[in-house]
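The file entry07.cif comes next; it holds mmCIF, C-alpha atoms.
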```
data_final
loop_
_atom_site.label_atom_id
_atom_site.label_comp_id
_atom_site.auth_asym_id
_atom_site.auth_seq_id
_atom_site.Cartn_x
_atom_site.Cartn_y
_atom_site.Cartn_z
CA MET A 30 83.16 -11.40 -5.41
CA GLN A 31 82.60 -9.05 -2.50
CA LYS A 32 82.43 -5.29 -2.98
CA ARG A 33 84.55 -3.19 -0.62
CA LEU A 34 84.73 0.60 -0.56
CA ILE A 35 87.18 3.18 0.77
CA VAL A 36 85.73 6.68 1.03
CA ASN A 37 88.79 8.92 1.31
CA ALA A 38 88.55 12.57 2.36
CA ASP A 39 91.41 14.66 0.98
CA ASP A 40 93.03 17.68 2.65
CA TYR A 41 92.98 16.78 6.35
CA GLY A 42 94.81 19.60 8.13
CA ARG A 43 94.05 22.20 5.42
CA THR A 44 92.23 24.23 8.10
CA PRO A 45 90.73 23.32 11.50
CA GLY A 46 87.27 23.44 9.90
CA VAL A 47 88.24 21.01 7.16
CA SER A 48 89.71 18.60 9.71
CA ALA A 49 86.65 18.86 11.96
CA GLY A 50 84.37 18.25 9.00
CA ILE A 51 86.28 15.13 7.98
CA ARG A 52 86.07 13.76 11.51
CA SER A 53 82.32 14.44 11.47
CA ALA A 54 81.96 12.71 8.08
CA HIS A 55 83.69 9.68 9.58
CA ARG A 56 81.71 9.56 12.83
CA ASN A 57 78.33 10.34 11.28
CA GLY A 58 78.76 9.36 7.64
CA ILE A 59 80.61 6.98 5.34
CA VAL A 60 84.13 8.45 5.26
CA THR A 61 86.61 5.73 6.23
CA SER A 62 89.95 7.31 5.35
CA THR A 63 91.70 10.63 5.02
CA THR A 64 95.02 11.97 3.78
CA VAL A 65 96.87 14.65 5.68
CA MET A 66 98.54 17.86 4.50
CA LEU A 67 101.53 17.84 6.87
CA ASN A 68 102.79 21.32 5.94
CA MET A 69 99.73 23.12 7.29
CA ALA A 70 99.65 25.08 10.58
CA GLY A 71 97.93 23.23 13.40
CA VAL A 72 98.11 19.83 11.75
CA ASP A 73 99.61 18.39 14.93
CA VAL A 74 96.49 19.32 16.89
CA GLY A 75 94.25 18.01 14.11
CA LEU A 76 96.04 14.66 14.04
CA SER A 77 95.87 14.34 17.81
CA LEU A 78 92.10 14.88 17.66
CA ALA A 79 91.75 12.33 14.84
CA LEU A 80 93.60 9.70 16.84
CA GLN A 81 91.47 10.41 19.94
CA GLU A 82 88.05 10.82 18.33
CA CYS A 83 88.32 8.54 15.29
CA PRO A 84 90.55 5.54 16.03
CA GLN A 85 89.15 3.60 13.05
CA LEU A 86 89.77 6.42 10.55
CA GLY A 87 92.47 5.44 8.05
CA LEU A 88 95.30 7.98 7.84
CA GLY A 89 97.53 8.59 4.86
CA VAL A 90 99.77 11.38 3.58
CA HIS A 91 98.56 13.91 1.04
CA LEU A 92 101.88 14.77 -0.62
CA VAL A 93 101.95 18.54 -1.15
CA LEU A 94 103.77 20.72 -3.68
CA THR A 95 100.99 23.22 -4.48
CA ALA A 96 99.80 24.76 -1.20
CA GLY A 97 101.44 26.52 1.72
CA ARG A 98 105.16 26.34 2.41
CA PRO A 99 107.52 23.36 2.41
CA ILE A 100 108.43 21.45 5.55
CA LEU A 101 112.12 21.81 4.72
CA PRO A 102 113.89 25.19 4.82
CA THR A 103 113.42 27.04 1.54
CA ARG A 104 117.17 27.08 0.92
CA GLN A 105 117.06 23.28 0.68
CA VAL A 106 114.23 23.19 -1.89
CA PRO A 107 114.60 26.42 -3.91
CA THR A 108 113.33 24.90 -7.17
CA LEU A 109 110.00 24.03 -5.52
CA THR A 110 109.06 27.49 -4.27
CA ASP A 111 108.36 30.99 -5.51
CA SER A 112 110.27 34.11 -4.50
CA ASN A 113 108.33 34.30 -1.23
CA GLY A 114 109.19 30.75 -0.22
CA HIS A 115 105.72 29.38 -0.95
CA PHE A 116 104.75 26.43 -3.06
CA PRO A 117 103.17 27.51 -6.37
CA THR A 118 99.48 27.25 -7.15
CA ALA A 119 98.40 24.27 -9.22
CA GLN A 120 98.49 26.37 -12.40
CA GLN A 121 101.88 27.88 -11.58
CA PHE A 122 103.16 24.40 -10.85
CA ILE A 123 102.82 23.41 -14.51
CA ASN A 124 105.13 26.23 -15.57
CA MET A 125 107.64 25.56 -12.78
CA MET A 126 107.68 21.79 -13.15
CA PRO A 127 110.45 21.55 -15.82
CA GLY A 128 112.87 23.35 -13.49
CA MET A 129 112.07 21.35 -10.36
CA ASP A 130 114.90 19.23 -8.98
CA PRO A 131 113.59 15.66 -8.40
CA ASP A 132 115.98 15.24 -5.47
CA GLN A 133 114.38 18.24 -3.80
CA VAL A 134 110.91 16.79 -4.40
CA ARG A 135 112.01 13.51 -2.88
CA ALA A 136 113.52 15.26 0.15
CA GLU A 137 110.41 17.37 0.76
CA TRP A 138 107.96 14.51 0.35
CA THR A 139 110.10 12.35 2.63
CA ALA A 140 110.06 15.12 5.23
CA GLN A 141 106.26 15.25 5.06
CA ILE A 142 106.02 11.49 5.60
CA LEU A 143 108.47 11.59 8.49
CA ILE A 144 106.48 14.35 10.20
CA PHE A 145 103.39 12.15 9.89
CA ILE A 146 105.22 9.25 11.52
CA GLN A 147 106.52 11.51 14.27
CA LEU A 148 103.03 12.85 15.05
CA THR A 149 101.14 9.54 14.84
CA ASN A 150 103.79 6.98 15.82
CA ARG A 151 102.81 4.91 12.78
CA ARG A 152 103.39 4.80 9.07
CA PRO A 153 100.77 6.18 6.69
CA ASP A 154 98.46 3.56 5.25
CA HIS A 155 98.63 5.15 1.79
CA LEU A 156 99.95 8.05 -0.25
CA ASP A 157 98.15 10.37 -2.62
CA SER A 158 98.90 13.95 -3.65
CA HIS A 159 97.36 17.40 -3.55
CA HIS A 160 96.00 18.26 -7.00
CA HIS A 161 97.28 14.82 -8.10
CA THR A 162 100.71 16.33 -8.81
CA SER A 163 102.43 12.98 -8.26
CA TYR A 164 100.98 11.89 -11.61
CA PHE A 165 102.08 14.97 -13.56
CA SER A 166 105.43 13.57 -14.74
CA GLN A 167 107.37 10.35 -14.91
CA ALA A 168 109.89 11.63 -12.36
CA LEU A 169 107.20 12.63 -9.84
CA PHE A 170 105.32 9.36 -10.18
CA ARG A 171 108.52 7.35 -9.77
CA ILE A 172 109.35 9.25 -6.56
CA MET A 173 105.89 8.53 -5.16
CA LEU A 174 106.21 4.83 -6.00
CA GLU A 175 109.67 4.62 -4.45
CA LEU A 176 108.45 6.29 -1.26
CA ALA A 177 105.45 3.96 -1.08
CA ALA A 178 107.80 0.98 -1.34
CA GLU A 179 110.21 2.45 1.21
CA PHE A 180 107.52 3.13 3.80
CA GLY A 181 105.41 0.06 3.03
CA CYS A 182 102.17 1.82 2.14
CA ALA A 183 99.61 1.72 -0.64
CA ILE A 184 98.97 4.49 -3.16
CA ARG A 185 95.87 5.98 -4.71
CA PRO A 186 95.59 4.63 -8.27
CA PRO A 187 96.68 7.10 -10.94
CA LEU A 188 93.86 6.11 -13.28
CA ALA A 189 90.26 6.91 -12.42
CA GLU A 190 86.67 6.16 -13.38
CA GLY A 191 87.16 2.47 -13.97
CA GLY A 192 90.86 2.67 -14.87
CA ILE A 193 90.32 4.24 -18.26
CA ASP A 194 90.93 7.92 -17.56
CA LEU A 195 93.13 10.30 -15.61
CA PRO A 196 91.75 11.83 -12.39
CA LEU A 197 89.09 14.45 -12.95
CA ASP A 198 91.12 17.62 -12.48
CA LEU A 199 94.49 16.89 -14.10
CA PRO A 200 95.45 19.93 -16.23
CA ALA A 201 94.77 19.74 -19.94
CA GLU A 202 98.31 21.03 -20.58
CA LEU A 203 99.67 17.61 -19.65
CA GLY A 204 98.03 16.07 -22.67
CA ASP A 205 98.35 12.30 -22.92
CA GLN A 206 101.84 12.15 -21.45
CA PRO A 207 100.78 10.53 -18.14
CA MET A 208 99.13 7.70 -20.06
CA GLU A 209 102.52 6.93 -21.58
CA PHE A 210 104.50 6.42 -18.35
CA ILE A 211 101.86 5.48 -15.78
CA PRO A 212 101.16 1.91 -17.01
CA GLU A 213 104.84 0.97 -17.30
CA LEU A 214 105.84 2.36 -13.90
CA THR A 215 102.80 0.77 -12.27
CA ARG A 216 103.80 -2.63 -13.68
CA GLN A 217 107.40 -2.09 -12.60
CA PHE A 218 106.63 -1.24 -8.97
CA SER A 219 103.34 -3.16 -8.48
CA PRO A 220 102.16 -0.91 -5.62
CA ARG A 221 99.27 -1.89 -3.39
CA MET A 222 96.19 -0.14 -4.78
CA VAL A 223 92.45 -0.50 -4.89
CA ASP A 224 90.98 -2.02 -8.03
CA ASP A 225 89.03 1.09 -9.02
CA PHE A 226 89.25 4.79 -8.16
CA TYR A 227 86.53 7.40 -8.66
CA SER A 228 87.33 11.13 -8.68
CA SER A 229 84.01 12.38 -10.06
CA PHE A 230 82.26 13.21 -6.75
CA TYR A 231 83.43 16.81 -6.81
CA GLY A 232 82.14 20.32 -7.50
CA PRO A 233 78.80 20.41 -9.36
CA ALA A 234 78.83 16.59 -9.52
CA ALA A 235 78.95 16.28 -5.72
CA THR A 236 75.24 15.57 -5.34
CA LEU A 237 73.32 12.93 -3.43
CA GLU A 238 71.91 11.55 -6.66
CA ASN A 239 75.34 11.17 -8.25
CA LEU A 240 76.84 9.53 -5.16
CA LEU A 241 73.94 7.07 -4.92
CA GLU A 242 74.39 6.18 -8.59
CA LEU A 243 78.15 5.80 -8.17
CA VAL A 244 77.76 3.49 -5.17
CA ASP A 245 74.99 1.54 -6.85
CA LYS A 246 77.21 0.79 -9.86
CA LEU A 247 80.40 -0.11 -8.01
CA PRO A 248 82.11 -3.13 -9.55
CA ALA A 249 83.21 -6.20 -7.63
CA GLY A 250 86.50 -5.81 -5.77
CA THR A 251 87.77 -2.81 -3.83
CA SER A 252 87.13 0.79 -4.87
CA GLU A 253 87.98 4.27 -3.60
CA ILE A 254 85.73 7.29 -3.89
CA MET A 255 87.53 10.61 -3.37
CA CYS A 256 85.73 13.35 -1.48
CA HIS A 257 86.36 16.74 0.15
CA PRO A 258 84.08 17.29 3.16
CA GLY A 259 84.69 20.01 5.72
CA PHE A 260 83.34 23.00 7.59
CA SER A 261 83.87 26.28 5.75
CA ASP A 262 85.79 28.30 8.32
CA PRO A 263 87.17 31.81 7.57
CA GLU A 264 90.65 30.47 6.90
CA LEU A 265 89.31 28.17 4.20
CA VAL A 266 87.17 30.88 2.61
CA HIS A 267 90.20 33.14 2.46
CA GLY A 268 92.59 30.52 1.10
CA SER A 269 90.58 28.19 -1.14
CA SER A 270 87.94 28.50 -3.84
CA TYR A 271 86.53 25.12 -2.77
CA ASN A 272 85.02 26.14 0.55
CA VAL A 273 81.23 26.15 1.03
CA GLN A 274 81.09 23.15 -1.31
CA ARG A 275 82.79 21.11 1.40
CA GLU A 276 79.83 21.56 3.70
CA VAL A 277 77.56 20.35 0.89
CA GLU A 278 79.71 17.23 0.56
CA LEU A 279 79.65 16.72 4.32
CA GLY A 280 75.87 16.69 4.33
CA ILE A 281 75.68 14.24 1.44
CA LEU A 282 78.27 11.87 2.90
CA SER A 283 76.28 11.80 6.16
CA ASP A 284 72.90 11.22 4.50
CA PRO A 285 71.18 8.05 5.81
CA ALA A 286 70.26 7.11 2.24
CA ILE A 287 73.91 6.35 1.47
CA LYS A 288 74.30 4.02 4.44
CA THR A 289 71.05 2.28 3.53
CA LEU A 290 72.23 1.69 -0.04
CA LEU A 291 75.58 0.31 1.14
CA GLN A 292 73.74 -2.14 3.40
CA ASP A 293 71.28 -3.12 0.67
CA ARG A 294 74.16 -3.83 -1.76
CA SER A 295 76.27 -5.59 0.90
CA ILE A 296 79.17 -3.20 0.31
CA GLN A 297 81.78 -3.30 3.08
CA LEU A 298 83.37 0.00 4.13
CA ILE A 299 87.12 -0.32 4.78
CA ASN A 300 90.24 1.85 4.86
CA TYR A 301 93.62 1.45 3.14
CA ALA A 302 95.13 -0.37 6.13
CA GLN A 303 92.67 -3.18 5.44
CA LEU A 304 93.76 -3.79 1.86
#
```
I need this file expressed as structure tokens, please.
Amino acid sequence: MQKRLIVNADDYGRTPGVSAGIRSAHRNGIVTSTTVMLNMAGVDVGLSLALQECPQLGLGVHLVLTAGRPILPTRQVPTLTDSNGHFPTAQQFINMMPGMDPDQVRAEWTAQILIFIQLTNRRPDHLDSHHHTSYFSQALFRIMLELAAEFGCAIRPPLAEGGIDLPLDLPAELGDQPMEFIPELTRQFSPRMVDDFYSSFYGPAATLENLLELVDKLPAGTSEIMCHPGFSDPELVHGSSYNVQREVELGILSDPAIKTLLQDRSIQLINYAQL
């Protein structure tokens, strides 16, 4: 059975430097797909550049509840924001989650998808979520699955590292709860997904050696490797703790050794539109 690989860069639109780095990682490296944060300033310009410079780059929506401000007016989504009208941080999100109105989540995520369609004149090829928040609760995961069905797109699998574990950075406070509802909802909705998802190329583990090993051991079928390349511009340094690391990832994802290994193992690079 053939091996196919999607290399998806999260956070397109986070800053101009992040977007430029992702485009570079596509043109010069192995990135085949990205997911867009539609609530970020300047995302319209970033998407226009992606469409012009990278016509083969897969484009999805990175559903956001933990960065920036909502697309919708704050008065329409008051349970999703803090007193300043901003989304909470990932850690604050855990504490706010019990009071969040699912209808407001659905409305905000729908607005983000509709902005994507307006800016690109096409539907996203897949959905995933910033900080994986769509997998934090049964209600959030159901909303994501319903939106994927409504807009006819795939989703990033909720289980990682060979389907036996949750994505790398899900908060420990969630315990095993996601493992209780994820399998049942996945069976119920049967979304289009890759066979295997890998979240481990991140932080200290984002090294050339680790990526080569990960690619070398890919199973048969279709896999996604998550990554976060980018240029560390001042806006990113000011607003995110994961900044200079993105340039490290960019260099690794563009290393000729990765392309050579993919060719040697006959691994086909694709995006989510090709599932």
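Using all atoms listed in the file, the smallest distance between any of A:Ala178, A:Val36, A:Leu241, A:Leu143 and Pro285 of chain A comes from A:Leu241.
In this structure, atom CA of Ala119 of chain A sits 27.8 Å away from atom CA of Arg216 of chain A.
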Long-range neighbours of Pro102 of chain A as a list in words, 10 Å cut-off, all atoms listed in the file, 5 positions minimum in chain:
Pro107, Gly114 and Glu137 of chain A
Any idea what's packed within 9 Å of Cys256 of chain A, counting all atoms listed in the file, ignoring anything in its chain fewer than 5 positions away? Could you give it as number ranges by chain?
A: 36-39, 60, 228-231, 235, 275, 278, 282
Tell me, as a list in words, which residues lie within 7 Å of segment 161-164 of chain A, counting only C-alpha atoms; anything in the same chain fewer than 2 positions away does not count.
Ser158, His159, Ser166, Leu169, Phe170, Met173, Pro187, Leu199 and Pro207 of chain A
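Those DNA, RNA and protein residues that approach the point (93.1, -4.5, 8.2) to within 12 Å, considering all atoms listed in the file, are Gln85, Leu86, Gly87, Asp154, Leu298, Ile299, Asn300, Tyr301, Ala302, Gln303 and Leu304 of chain A.
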Compile the contact shell of Asp157 of chain A as a PyMOL selection string: residues with an atom at most 8 Å away, counting all atoms listed in the file, same-chain residues fewer than 4 positions apart removed.
chain A and resi 64+89-92+161+163+184-185
Using all atoms listed in the file, pick whichever of A:Ala54, A:Val106, A:Leu188, A:Leu101 has the shortest atom-to-atom distance to Pro212 of chain A.
A:Leu188
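For the pair atom CA of Lys288 of chain A and atom CA of Leu156 of chain A, the interatomic distance is 26.4 Å.
The nearest approach to Ile100 of chain A among the residues A:Met129, A:Ala70, A:Leu176, A:Leu240, with only C-alpha atoms taken into account, belongs to A:Ala70.
Distances here use all atoms listed in the file; by that measure, the residue among A:Cys182, A:Val134, A:Leu279, A:Ala96 closest to Pro117 of chain A is A:Ala96.
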List, as an NGL selection string, every residue that the PyMOL selection byres ((chain A and resi 277) around 10) selects in the file provided.
:A and (232 or 235-237 or 257-261 or 272-276 or 278-282)
Within 6 Å of Arg33 of chain A, counting only C-alpha atoms, which residues qualify if same-chain residues fewer than 2 places away don't, as a PDB file with C-alpha atoms, in the coordinates of the input?
```
ATOM      1  CA  THR A 251      87.770  -2.810  -3.830  1.00  0.00           C
ATOM      2  CA  ILE A 296      79.170  -3.200   0.310  1.00  0.00           C
ATOM      3  CA  GLN A 297      81.780  -3.300   3.080  1.00  0.00           C
ATOM      4  CA  LEU A 298      83.370   0.000   4.130  1.00  0.00           C
TER       5      LEU A 298
END
```
Looking at A:Leu148, A:Ala79, A:Ile123, A:Ile142, which one is nearest to Glu179 of chain A, with distances taken over all atoms listed in the file?
A:Ile142
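We find atom CA of Cys83 of chain A and atom CA of Gly42 of chain A to be spaced 14.7 Å apart.
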Taking only C-alpha atoms into account, which of A:Leu88, A:Leu291, A:Ala183, A:Leu94 comes nearest Gly75 of chain A?
A:Leu88
Where is the centre and how long are the edges: axis-aligned box on segment 81-89 of chain A, 5 Å on each side, Å to one decimal, as AutoDock Vina command-line options:
```
--center_x 92.8 --center_y 7.2 --center_z 12.4 --size_x 19.5 --size_y 17.2 --size_z 25.1
```
Quick one: which residues end up in the PyMOL selection byres ((chain A and resi 108) around 9) for this structure, as an NGL selection string?
:A and (103 or 105-107 or 109-111 or 125-126 or 128-130 or 133-134)
